[in-house]
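S.K.: Shown below is the structure under consideration.
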Amino acid sequence: MKARYWCSAAALATFVLATPTLAKGPTDADLMADAASTGDVLTYGMGPRAQRFSPLTAINAGNVSRLVPAFSASLGGEKQRGQEAQPIVYDGTIYVTGSYSRLFAFDARTGEEKWQYDARLPDGIMPCCDVVNRGAAIYGDKIIFATLDARLVALNRETGKVIWNKEIGDYKAGYSATAAPLIVKGMVITGNSGGEFGIVGSVQARDVNTGELIWNRPMIEGHMGTFKGQDNGITGKTNASWPGDLWKTGGGATWLGGTYDPETNLLYFGTGNPAPWNSHLRKGDNLYTSSTVAINPDTGKIVWHYQTTPHDGWDFDGVNEFIPFDATINGKPMKLGAKADRNGYFFVLDRTNGKFIGAHKFVMQTTWADGFNAKTGRPNYIEANRPGMPSADGKGSQVFASPSFLGGKNWMPMAYSNDTGLFYIPSNDWGMDIWNEPIAYKKGAAYLGAGFTIKPIAEDHIGALRAMDPKTGKIVWEYKNKAPLWGGVLTTAGNLVFTGTPEGYLKAFDAKTGQELWKFQTGSGVVGSPVTWEQDGEQYIAVMSGWGGAVPLWGGEVAKTFKDINQGGALWVFKLPR
Ligand code: CA
Ligand code: CA
């Protein structure tokens, strides 16, 4: 009897070791169901498809004018830079990331701080476009975020203590990270930043419990992918669309992260500009830069790609989020995806295979191309508007280009309403003078080979929130804003669209007509992404306030529209009065 007892105890011990008890907290299934679960916000984008649509209706177009603050919570310190984060809300806690790689846990009912984690950043980090962070990911007992020194950190979500901390890339070579991670099937999936330093963009999947790398898929042709430490095939075909050795430092940063569609089991990641900016040095399409790339998360292999700006010469990063949606086009129900690109065109693709359905201009002006060829899905280039090749000793011919390199739309996420069938695009109308200059790659140094000055192109606005009908390509309504828009969008079944302005307002619009219904002054520019959830029987709205990001760093002549905006760093939470 005794022997048998020991035997079963040993067997039990083996079983327990092999199957660790699941930590309490959000599961894979919870993350996939996030768009429908109204009591929490578990993912960046409010669902893996990142539609940023809530079915909640307690706050609606009829009563939003009565919305008031429930509380505000300061991020404190002297580190008041751009606050581009989207909050995560779970089990009575709001998690927000802050500038300089900080993560805060606030009580969701009072705003009282539960804990704060400050990453210890080394000297010599090279973020191109302010020290921002766009949000965290939650899973089980962990809250996970990326830091400016190109690391991924998993913290215990109740204590803020580090569970694991892994390097994504070498910050001394210009790698950094600012995007919110995506969690799919127990894997944390991230991109990387550094396209202005000649890094190689890639998508990486790690075990969420340990941080160990599972697979890595480079986004530049010629580079070898890996799967569990083994070679997993070269991306593309070496030198097929890149000349010489330039692909080795070819850019294509995946700096905005990605979306996931459970229906097709595909990850959709956007890729940034080819490096350097001077396109004359790199003949060819330069795959897979300025593209949307679909990856199978089980294999780490590319399933399809669509290049929005082949042979980019204007820094038209194609990183913008690709949002899966379904619609009936020409009488046929289709599984689609849409992306509002930095190059000024709104793309609709078949998300199962990447087939081109349409490209619609959503900004005032595109000087680099005149639409897209419906058959080939390639842009009709206006070659005269490509900046010229520099001579050996000086700058090449300067051109005026629109949109500017900050884009018809930049990082700030759009939203898609299942109710109206419209996409709500935070866009900007601006151009730039751009020219090429001599350049050579040097590790850790800027690798542009170009100069630029951003300029306004309209008297009355730069920013424009636009409602796009993806079936027709028509703009249904627009709201113009004096300063450039730089915050994300939220839409709800209450017929509402929310977005922030650099002037400090969080605003609510009628989703069907665009009529402005409500605004609240937060004290600093709003460049974060709003979210909504239900708590104790009431609907809440939350957004980060804190002016910064790329615009004040690179705004050129546009800077006068925001020179009086003060910096800040606060979480604002709103609800209807009882
Ligand atoms: Ca949810
Ligand atoms: Ca870029």
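Residue names in the structure tokens use chain letters A, B, ... in the order shown, residue numbers from 1 in each chain, and ligand numbers from 1 in the order shown.
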Which residues sit within 12 Å of ligand 2, counting only C-alpha atoms and all ligand atoms, listed as a PDB file with N, CA and C atoms, in the first residue's frame?

M.R.:
ATOM      1  N   PRO A 127      14.830  56.723 -30.107  1.00  0.00           N
ATOM      2  CA  PRO A 127      13.480  56.821 -30.660  1.00  0.00           C
ATOM      3  C   PRO A 127      13.424  57.968 -31.666  1.00  0.00           C
ATOM      4  N   CYS A 128      12.829  57.734 -32.844  1.00  0.00           N
ATOM      5  CA  CYS A 128      12.838  58.774 -33.878  1.00  0.00           C
ATOM      6  C   CYS A 128      11.875  59.883 -33.555  1.00  0.00           C
ATOM      7  N   CYS A 129      10.749  59.479 -32.808  1.00  0.00           N
ATOM      8  CA  CYS A 129       9.577  60.347 -32.860  1.00  0.00           C
ATOM      9  C   CYS A 129       8.906  60.476 -31.507  1.00  0.00           C
ATOM     10  N   ASN A 192       8.963  45.930 -34.490  1.00  0.00           N
ATOM     11  CA  ASN A 192      10.086  46.715 -33.980  1.00  0.00           C
ATOM     12  C   ASN A 192      10.109  48.074 -34.675  1.00  0.00           C
ATOM     13  N   SER A 193      10.811  49.016 -34.041  1.00  0.00           N
ATOM     14  CA  SER A 193      10.939  50.367 -34.590  1.00  0.00           C
ATOM     15  C   SER A 193      12.402  50.626 -34.932  1.00  0.00           C
ATOM     16  N   GLY A 194      12.635  51.622 -35.789  1.00  0.00           N
ATOM     17  CA  GLY A 194      14.008  51.992 -36.118  1.00  0.00           C
ATOM     18  C   GLY A 194      14.257  52.150 -37.610  1.00  0.00           C
ATOM     19  N   GLY A 195      13.177  52.319 -38.388  1.00  0.00           N
ATOM     20  CA  GLY A 195      13.292  52.408 -39.848  1.00  0.00           C
ATOM     21  C   GLY A 195      14.134  53.572 -40.338  1.00  0.00           C
ATOM     22  N   GLU A 196      14.377  54.554 -39.471  1.00  0.00           N
ATOM     23  CA  GLU A 196      15.213  55.704 -39.854  1.00  0.00           C
ATOM     24  C   GLU A 196      16.684  55.444 -39.534  1.00  0.00           C
ATOM     25  N   PHE A 197      16.997  54.236 -39.034  1.00  0.00           N
ATOM     26  CA  PHE A 197      18.382  53.896 -38.679  1.00  0.00           C
ATOM     27  C   PHE A 197      18.896  52.665 -39.429  1.00  0.00           C
ATOM     28  N   GLY A 198      18.173  52.237 -40.454  1.00  0.00           N
ATOM     29  CA  GLY A 198      18.633  51.076 -41.234  1.00  0.00           C
ATOM     30  C   GLY A 198      18.547  49.759 -40.485  1.00  0.00           C
ATOM     31  N   ILE A 199      17.570  49.636 -39.602  1.00  0.00           N
ATOM     32  CA  ILE A 199      17.346  48.343 -38.943  1.00  0.00           C
ATOM     33  C   ILE A 199      16.632  47.414 -39.929  1.00  0.00           C
ATOM     34  N   GLY A 201      13.180  45.386 -40.222  1.00  0.00           N
ATOM     35  CA  GLY A 201      11.879  45.149 -39.604  1.00  0.00           C
ATOM     36  C   GLY A 201      11.595  43.669 -39.509  1.00  0.00           C
ATOM     37  N   GLY A 250      17.740  47.276 -44.747  1.00  0.00           N
ATOM     38  CA  GLY A 250      16.645  47.762 -45.594  1.00  0.00           C
ATOM     39  C   GLY A 250      15.440  48.378 -44.937  1.00  0.00           C
ATOM     40  N   GLY A 251      15.431  48.492 -43.604  1.00  0.00           N
ATOM     41  CA  GLY A 251      14.290  49.162 -42.957  1.00  0.00           C
ATOM     42  C   GLY A 251      13.073  48.244 -42.855  1.00  0.00           C
ATOM     43  N   GLY A 252      11.906  48.783 -43.274  1.00  0.00           N
ATOM     44  CA  GLY A 252      10.678  47.988 -43.182  1.00  0.00           C
ATOM     45  C   GLY A 252      10.253  47.731 -41.748  1.00  0.00           C
ATOM     46  N   ALA A 253      10.458  48.715 -40.877  1.00  0.00           N
ATOM     47  CA  ALA A 253      10.123  48.552 -39.458  1.00  0.00           C
ATOM     48  C   ALA A 253       8.626  48.284 -39.280  1.00  0.00           C
ATOM     49  N   THR A 254       8.334  47.353 -38.402  1.00  0.00           N
ATOM     50  CA  THR A 254       6.945  46.977 -38.102  1.00  0.00           C
ATOM     51  C   THR A 254       6.517  47.697 -36.822  1.00  0.00           C
ATOM     52  N   TRP A 255       6.692  49.006 -36.833  1.00  0.00           N
ATOM     53  CA  TRP A 255       6.679  49.751 -35.558  1.00  0.00           C
ATOM     54  C   TRP A 255       5.312  50.003 -34.956  1.00  0.00           C
ATOM     55  N   LEU A 256       4.255  49.669 -35.665  1.00  0.00           N
ATOM     56  CA  LEU A 256       2.925  49.907 -35.098  1.00  0.00           C
ATOM     57  C   LEU A 256       2.249  48.625 -34.623  1.00  0.00           C
ATOM     58  N   GLY A 270       1.765  45.842 -40.716  1.00  0.00           N
ATOM     59  CA  GLY A 270       2.207  46.823 -41.691  1.00  0.00           C
ATOM     60  C   GLY A 270       3.710  47.008 -41.573  1.00  0.00           C
ATOM     61  N   THR A 271       4.345  47.391 -42.673  1.00  0.00           N
ATOM     62  CA  THR A 271       5.796  47.604 -42.664  1.00  0.00           C
ATOM     63  C   THR A 271       6.123  49.035 -43.070  1.00  0.00           C
ATOM     64  N   GLY A 272       7.208  49.550 -42.539  1.00  0.00           N
ATOM     65  CA  GLY A 272       7.607  50.929 -42.766  1.00  0.00           C
ATOM     66  C   GLY A 272       8.426  51.126 -44.036  1.00  0.00           C
ATOM     67  N   ASN A 273       9.019  52.309 -44.119  1.00  0.00           N
ATOM     68  CA  ASN A 273       9.760  52.730 -45.315  1.00  0.00           C
ATOM     69  C   ASN A 273      10.994  51.867 -45.557  1.00  0.00           C
ATOM     70  N   PRO A 274      11.366  51.740 -46.854  1.00  0.00           N
ATOM     71  CA  PRO A 274      12.683  51.168 -47.142  1.00  0.00           C
ATOM     72  C   PRO A 274      13.761  52.173 -46.740  1.00  0.00           C
ATOM     73  N   ALA A 275      14.930  51.679 -46.358  1.00  0.00           N
ATOM     74  CA  ALA A 275      16.029  52.561 -45.964  1.00  0.00           C
ATOM     75  C   ALA A 275      17.150  52.465 -46.988  1.00  0.00           C
ATOM     76  N   PRO A 276      17.835  53.608 -47.308  1.00  0.00           N
ATOM     77  CA  PRO A 276      17.488  54.954 -46.837  1.00  0.00           C
ATOM     78  C   PRO A 276      16.297  55.520 -47.619  1.00  0.00           C
ATOM     79  N   TRP A 277      15.914  56.752 -47.297  1.00  0.00           N
ATOM     80  CA  TRP A 277      14.767  57.364 -47.967  1.00  0.00           C
ATOM     81  C   TRP A 277      15.032  57.571 -49.460  1.00  0.00           C
ATOM     82  N   THR A 289       8.756  46.259 -47.882  1.00  0.00           N
ATOM     83  CA  THR A 289       8.572  47.550 -47.217  1.00  0.00           C
ATOM     84  C   THR A 289       7.248  48.186 -47.638  1.00  0.00           C
ATOM     85  N   SER A 290       6.770  49.126 -46.824  1.00  0.00           N
ATOM     86  CA  SER A 290       5.543  49.887 -47.105  1.00  0.00           C
ATOM     87  C   SER A 290       4.428  48.976 -47.613  1.00  0.00           C
ATOM     88  N   ASP A 312       9.096  53.128 -52.432  1.00  0.00           N
ATOM     89  CA  ASP A 312       8.775  54.369 -51.720  1.00  0.00           C
ATOM     90  C   ASP A 312       9.960  55.343 -51.728  1.00  0.00           C
ATOM     91  N   GLY A 313       9.658  56.618 -51.967  1.00  0.00           N
ATOM     92  CA  GLY A 313      10.698  57.649 -51.920  1.00  0.00           C
ATOM     93  C   GLY A 313      10.310  58.833 -51.063  1.00  0.00           C
ATOM     94  N   TRP A 314       9.248  58.682 -50.237  1.00  0.00           N
ATOM     95  CA  TRP A 314       8.714  59.807 -49.467  1.00  0.00           C
ATOM     96  C   TRP A 314       8.530  59.475 -47.986  1.00  0.00           C
ATOM     97  N   ASP A 315       9.076  58.355 -47.533  1.00  0.00           N
ATOM     98  CA  ASP A 315       8.850  57.865 -46.164  1.00  0.00           C
ATOM     99  C   ASP A 315       7.383  57.566 -45.918  1.00  0.00           C
ATOM    100  N   PHE A 316       6.725  56.940 -46.883  1.00  0.00           N
ATOM    101  CA  PHE A 316       5.326  56.538 -46.699  1.00  0.00           C
ATOM    102  C   PHE A 316       5.266  55.156 -46.044  1.00  0.00           C
ATOM    103  N   ASP A 317       5.669  55.116 -44.781  1.00  0.00           N
ATOM    104  CA  ASP A 317       5.541  53.873 -44.011  1.00  0.00           C
ATOM    105  C   ASP A 317       4.142  53.293 -44.210  1.00  0.00           C
ATOM    106  N   GLY A 318       4.089  52.031 -44.488  1.00  0.00           N
ATOM    107  CA  GLY A 318       2.776  51.370 -44.642  1.00  0.00           C
ATOM    108  C   GLY A 318       2.348  50.630 -43.388  1.00  0.00           C
ATOM    109  N   VAL A 319       2.761  51.155 -42.237  1.00  0.00           N
ATOM    110  CA  VAL A 319       2.524  50.430 -40.979  1.00  0.00           C
ATOM    111  C   VAL A 319       1.081  50.468 -40.504  1.00  0.00           C
ATOM    112  N   ASN A 320       0.271  51.337 -41.088  1.00  0.00           N
ATOM    113  CA  ASN A 320      -1.067  51.578 -40.558  1.00  0.00           C
ATOM    114  C   ASN A 320      -1.862  50.291 -40.376  1.00  0.00           C
ATOM    115  N   ARG A 342      -0.447  55.954 -44.912  1.00  0.00           N
ATOM    116  CA  ARG A 342       0.266  57.226 -44.827  1.00  0.00           C
ATOM    117  C   ARG A 342       0.326  57.919 -46.192  1.00  0.00           C
ATOM    118  N   ASN A 343       0.280  57.140 -47.286  1.00  0.00           N
ATOM    119  CA  ASN A 343       0.397  57.723 -48.627  1.00  0.00           C
ATOM    120  C   ASN A 343      -0.880  58.421 -49.094  1.00  0.00           C
ATOM    121  N   SER A 404       2.620  64.946 -46.617  1.00  0.00           N
ATOM    122  CA  SER A 404       3.967  65.033 -46.065  1.00  0.00           C
ATOM    123  C   SER A 404       4.353  63.656 -45.541  1.00  0.00           C
ATOM    124  N   PHE A 405       5.625  63.509 -45.160  1.00  0.00           N
ATOM    125  CA  PHE A 405       6.052  62.183 -44.672  1.00  0.00           C
ATOM    126  C   PHE A 405       5.348  61.799 -43.373  1.00  0.00           C
ATOM    127  N   LEU A 406       4.760  62.782 -42.653  1.00  0.00           N
ATOM    128  CA  LEU A 406       3.990  62.411 -41.461  1.00  0.00           C
ATOM    129  C   LEU A 406       2.643  61.802 -41.838  1.00  0.00           C
ATOM    130  N   GLY A 407       2.295  61.893 -43.116  1.00  0.00           N
ATOM    131  CA  GLY A 407       1.232  61.059 -43.629  1.00  0.00           C
ATOM    132  C   GLY A 407      -0.157  61.634 -43.673  1.00  0.00           C
ATOM    133  N   ASN A 410      -1.159  58.917 -39.757  1.00  0.00           N
ATOM    134  CA  ASN A 410       0.035  58.347 -39.152  1.00  0.00           C
ATOM    135  C   ASN A 410      -0.374  57.190 -38.248  1.00  0.00           C
ATOM    136  N   TRP A 411       0.210  57.086 -37.075  1.00  0.00           N
ATOM    137  CA  TRP A 411       0.010  55.925 -36.208  1.00  0.00           C
ATOM    138  C   TRP A 411      -1.397  55.831 -35.640  1.00  0.00           C
ATOM    139  N   ALA A 446      21.432  58.082 -38.030  1.00  0.00           N
ATOM    140  CA  ALA A 446      20.264  58.291 -38.891  1.00  0.00           C
ATOM    141  C   ALA A 446      20.630  57.930 -40.327  1.00  0.00           C
ATOM    142  N   TYR A 447      19.721  57.241 -41.014  1.00  0.00           N
ATOM    143  CA  TYR A 447      19.993  56.699 -42.353  1.00  0.00           C
ATOM    144  C   TYR A 447      18.839  57.105 -43.263  1.00  0.00           C
ATOM    145  N   LEU A 448      18.772  58.429 -43.549  1.00  0.00           N
ATOM    146  CA  LEU A 448      17.690  58.959 -44.366  1.00  0.00           C
ATOM    147  C   LEU A 448      18.170  59.298 -45.776  1.00  0.00           C
ATOM    148  N   ALA A 450      17.941  62.294 -46.866  1.00  0.00           N
ATOM    149  CA  ALA A 450      16.917  63.218 -47.338  1.00  0.00           C
ATOM    150  C   ALA A 450      16.734  64.350 -46.345  1.00  0.00           C
ATOM    151  N   ALA A 550       5.319  62.796 -32.738  1.00  0.00           N
ATOM    152  CA  ALA A 550       6.211  63.225 -33.814  1.00  0.00           C
ATOM    153  C   ALA A 550       5.952  64.656 -34.283  1.00  0.00           C
TER     154      ALA A 550
END

S.K.: What residues have any atom no more than 10 Å from ligand 1 when counting only C-alpha atoms and all ligand atoms, and can you list them as a list in words?

M.R.: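 With only C-alpha atoms and all ligand atoms and a cut-off of 10 Å, ligand 1 is contacted by Asp30, Leu31, Met32, Ala33, Asp34, Ala35, Ala36, Ser37, Thr38, Gly39, Asp40, Val41, Leu42, Thr43, Met46, Gly47, Ser54, Ile88, Val89, Tyr90, Thr532, Trp533 and Glu534 of chain A.
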
S.K.: Write the residues you've just listed into a file as a tab-separated table (two decimals), in the first residue's frame, and include N, CA, C and O atoms for each of them.

M.R.:
chain	number	residue	atom	x	y	z
A	30	ASP	N	-10.70	34.78	-23.87
A	30	ASP	CA	-11.18	36.11	-23.44
A	30	ASP	C	-10.67	37.21	-24.38
A	30	ASP	O	-11.40	38.15	-24.72
A	31	LEU	N	-9.40	37.11	-24.79
A	31	LEU	CA	-8.83	38.14	-25.67
A	31	LEU	C	-9.55	38.13	-27.03
A	31	LEU	O	-9.86	39.19	-27.58
A	32	MET	N	-9.83	36.93	-27.54
A	32	MET	CA	-10.50	36.83	-28.85
A	32	MET	C	-11.93	37.37	-28.78
A	32	MET	O	-12.48	37.82	-29.77
A	33	ALA	N	-12.55	37.29	-27.57
A	33	ALA	CA	-13.94	37.74	-27.40
A	33	ALA	C	-14.03	39.18	-26.91
A	33	ALA	O	-15.12	39.65	-26.56
A	34	ASP	N	-12.93	39.89	-26.89
A	34	ASP	CA	-12.88	41.21	-26.25
A	34	ASP	C	-13.86	42.22	-26.85
A	34	ASP	O	-14.44	43.04	-26.13
A	35	ALA	N	-14.07	42.16	-28.16
A	35	ALA	CA	-14.93	43.17	-28.79
A	35	ALA	C	-16.36	43.08	-28.27
A	35	ALA	O	-17.05	44.09	-28.16
A	36	ALA	N	-16.81	41.87	-27.91
A	36	ALA	CA	-18.19	41.68	-27.47
A	36	ALA	C	-18.35	41.80	-25.95
A	36	ALA	O	-19.44	42.10	-25.47
A	37	SER	N	-17.28	41.58	-25.19
A	37	SER	CA	-17.38	41.63	-23.73
A	37	SER	C	-17.28	43.08	-23.28
A	37	SER	O	-16.23	43.71	-23.37
A	38	THR	N	-18.40	43.62	-22.79
A	38	THR	CA	-18.45	45.07	-22.54
A	38	THR	C	-17.91	45.47	-21.16
A	38	THR	O	-17.72	46.65	-20.90
A	39	GLY	N	-17.63	44.49	-20.30
A	39	GLY	CA	-17.18	44.81	-18.95
A	39	GLY	C	-15.67	45.02	-18.83
A	39	GLY	O	-15.16	45.26	-17.74
A	40	ASP	N	-14.96	44.90	-19.95
A	40	ASP	CA	-13.50	45.04	-19.88
A	40	ASP	C	-12.96	45.53	-21.23
A	40	ASP	O	-13.68	45.52	-22.23
A	41	VAL	N	-11.71	45.97	-21.22
A	41	VAL	CA	-10.98	46.30	-22.46
A	41	VAL	C	-9.66	45.55	-22.34
A	41	VAL	O	-8.77	45.95	-21.59
A	42	LEU	N	-9.55	44.42	-23.05
A	42	LEU	CA	-8.42	43.50	-22.84
A	42	LEU	C	-7.35	43.61	-23.91
A	42	LEU	O	-6.25	43.07	-23.74
A	43	THR	N	-7.67	44.24	-25.03
A	43	THR	CA	-6.72	44.25	-26.15
A	43	THR	C	-6.59	45.65	-26.73
A	43	THR	O	-7.51	46.47	-26.66
A	46	MET	N	-9.53	47.11	-28.86
A	46	MET	CA	-10.82	46.61	-28.37
A	46	MET	C	-11.28	45.41	-29.18
A	46	MET	O	-12.37	45.39	-29.74
A	47	GLY	N	-10.41	44.41	-29.23
A	47	GLY	CA	-10.65	43.19	-30.01
A	47	GLY	C	-9.47	42.95	-30.92
A	47	GLY	O	-8.82	43.92	-31.34
A	54	SER	N	-17.64	49.62	-29.83
A	54	SER	CA	-18.28	49.05	-28.64
A	54	SER	C	-19.77	48.95	-28.87
A	54	SER	O	-20.39	49.92	-29.35
A	88	ILE	N	-6.00	49.74	-20.87
A	88	ILE	CA	-6.52	48.37	-20.73
A	88	ILE	C	-7.31	48.38	-19.42
A	88	ILE	O	-6.85	48.93	-18.42
A	89	VAL	N	-8.51	47.77	-19.42
A	89	VAL	CA	-9.35	47.78	-18.22
A	89	VAL	C	-9.73	46.35	-17.88
A	89	VAL	O	-10.29	45.63	-18.72
A	90	TYR	N	-9.41	45.92	-16.64
A	90	TYR	CA	-9.73	44.56	-16.24
A	90	TYR	C	-9.89	44.48	-14.72
A	90	TYR	O	-9.01	44.95	-13.99
A	532	THR	N	-14.04	52.47	-24.07
A	532	THR	CA	-15.26	52.49	-23.25
A	532	THR	C	-15.52	51.11	-22.69
A	532	THR	O	-15.13	50.10	-23.30
A	533	TRP	N	-16.17	51.06	-21.52
A	533	TRP	CA	-16.54	49.79	-20.89
A	533	TRP	C	-17.66	50.05	-19.89
A	533	TRP	O	-18.03	51.21	-19.66
A	534	GLU	N	-18.19	48.97	-19.35
A	534	GLU	CA	-19.30	49.05	-18.42
A	534	GLU	C	-18.81	48.57	-17.05
A	534	GLU	O	-18.10	47.57	-16.98

S.K.: Which residue out of A:Tyr175, A:Tyr44, A:Trp304, A:Ala467 has the minimum interatomic distance to Gly257 in chain A when only C-alpha atoms are used?

M.R.: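 Of A:Tyr175, A:Tyr44, A:Trp304, A:Ala467, the one nearest Gly257 in chain A is A:Tyr44, counting only C-alpha atoms.
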
S.K.: Could you check how far CA of Met412 in chain A sits from CA of Gly487 in chain A, in Å to one decimal?

M.R.: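 We find that CA of Met412 in chain A and CA of Gly487 in chain A lie 5.2 Å from each other.
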
S.K.: List the spatial neighbours of range 424-427 of chain A as a list in words - criterion: any atom at most 6 Å away, only C-alpha atoms, same-chain residues fewer than 2 positions off excluded.

M.R.: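 Residues meeting the cut-off are Gly408, Lys409, Met414, Ala415, Gly463, Ala464, Leu465, Arg466 and Ala467 of chain A.
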
S.K.: Using only N, CA and C atoms, please write the residues we just selected to a file, as a compact mmCIF listing (two decimals), in the first residue's frame.

M.R.:
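Saved as out_5.txt:
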# COMPACT_ATOMS: atom_id res chain seq x y z
N GLY A 408 -0.94 61.12 -44.65
CA GLY A 408 -2.38 61.40 -44.67
C GLY A 408 -2.99 60.87 -43.38
N LYS A 409 -2.41 59.78 -42.90
CA LYS A 409 -2.72 59.28 -41.56
C LYS A 409 -1.43 58.69 -41.03
N MET A 414 -7.73 54.30 -36.64
CA MET A 414 -9.11 54.57 -37.04
C MET A 414 -10.03 53.56 -36.36
N ALA A 415 -11.34 53.76 -36.53
CA ALA A 415 -12.33 52.84 -35.97
C ALA A 415 -13.32 52.45 -37.05
N GLY A 463 -5.80 68.98 -39.52
CA GLY A 463 -6.48 67.75 -39.14
C GLY A 463 -7.86 67.64 -39.78
N ALA A 464 -8.29 66.40 -40.05
CA ALA A 464 -9.65 66.15 -40.53
C ALA A 464 -10.05 64.73 -40.13
N LEU A 465 -11.11 64.63 -39.33
CA LEU A 465 -11.68 63.32 -39.02
C LEU A 465 -12.68 63.00 -40.13
N ARG A 466 -12.47 61.88 -40.81
CA ARG A 466 -13.28 61.60 -42.00
C ARG A 466 -14.00 60.26 -41.89
N ALA A 467 -15.27 60.26 -42.24
CA ALA A 467 -16.06 59.03 -42.27
C ALA A 467 -16.02 58.48 -43.69
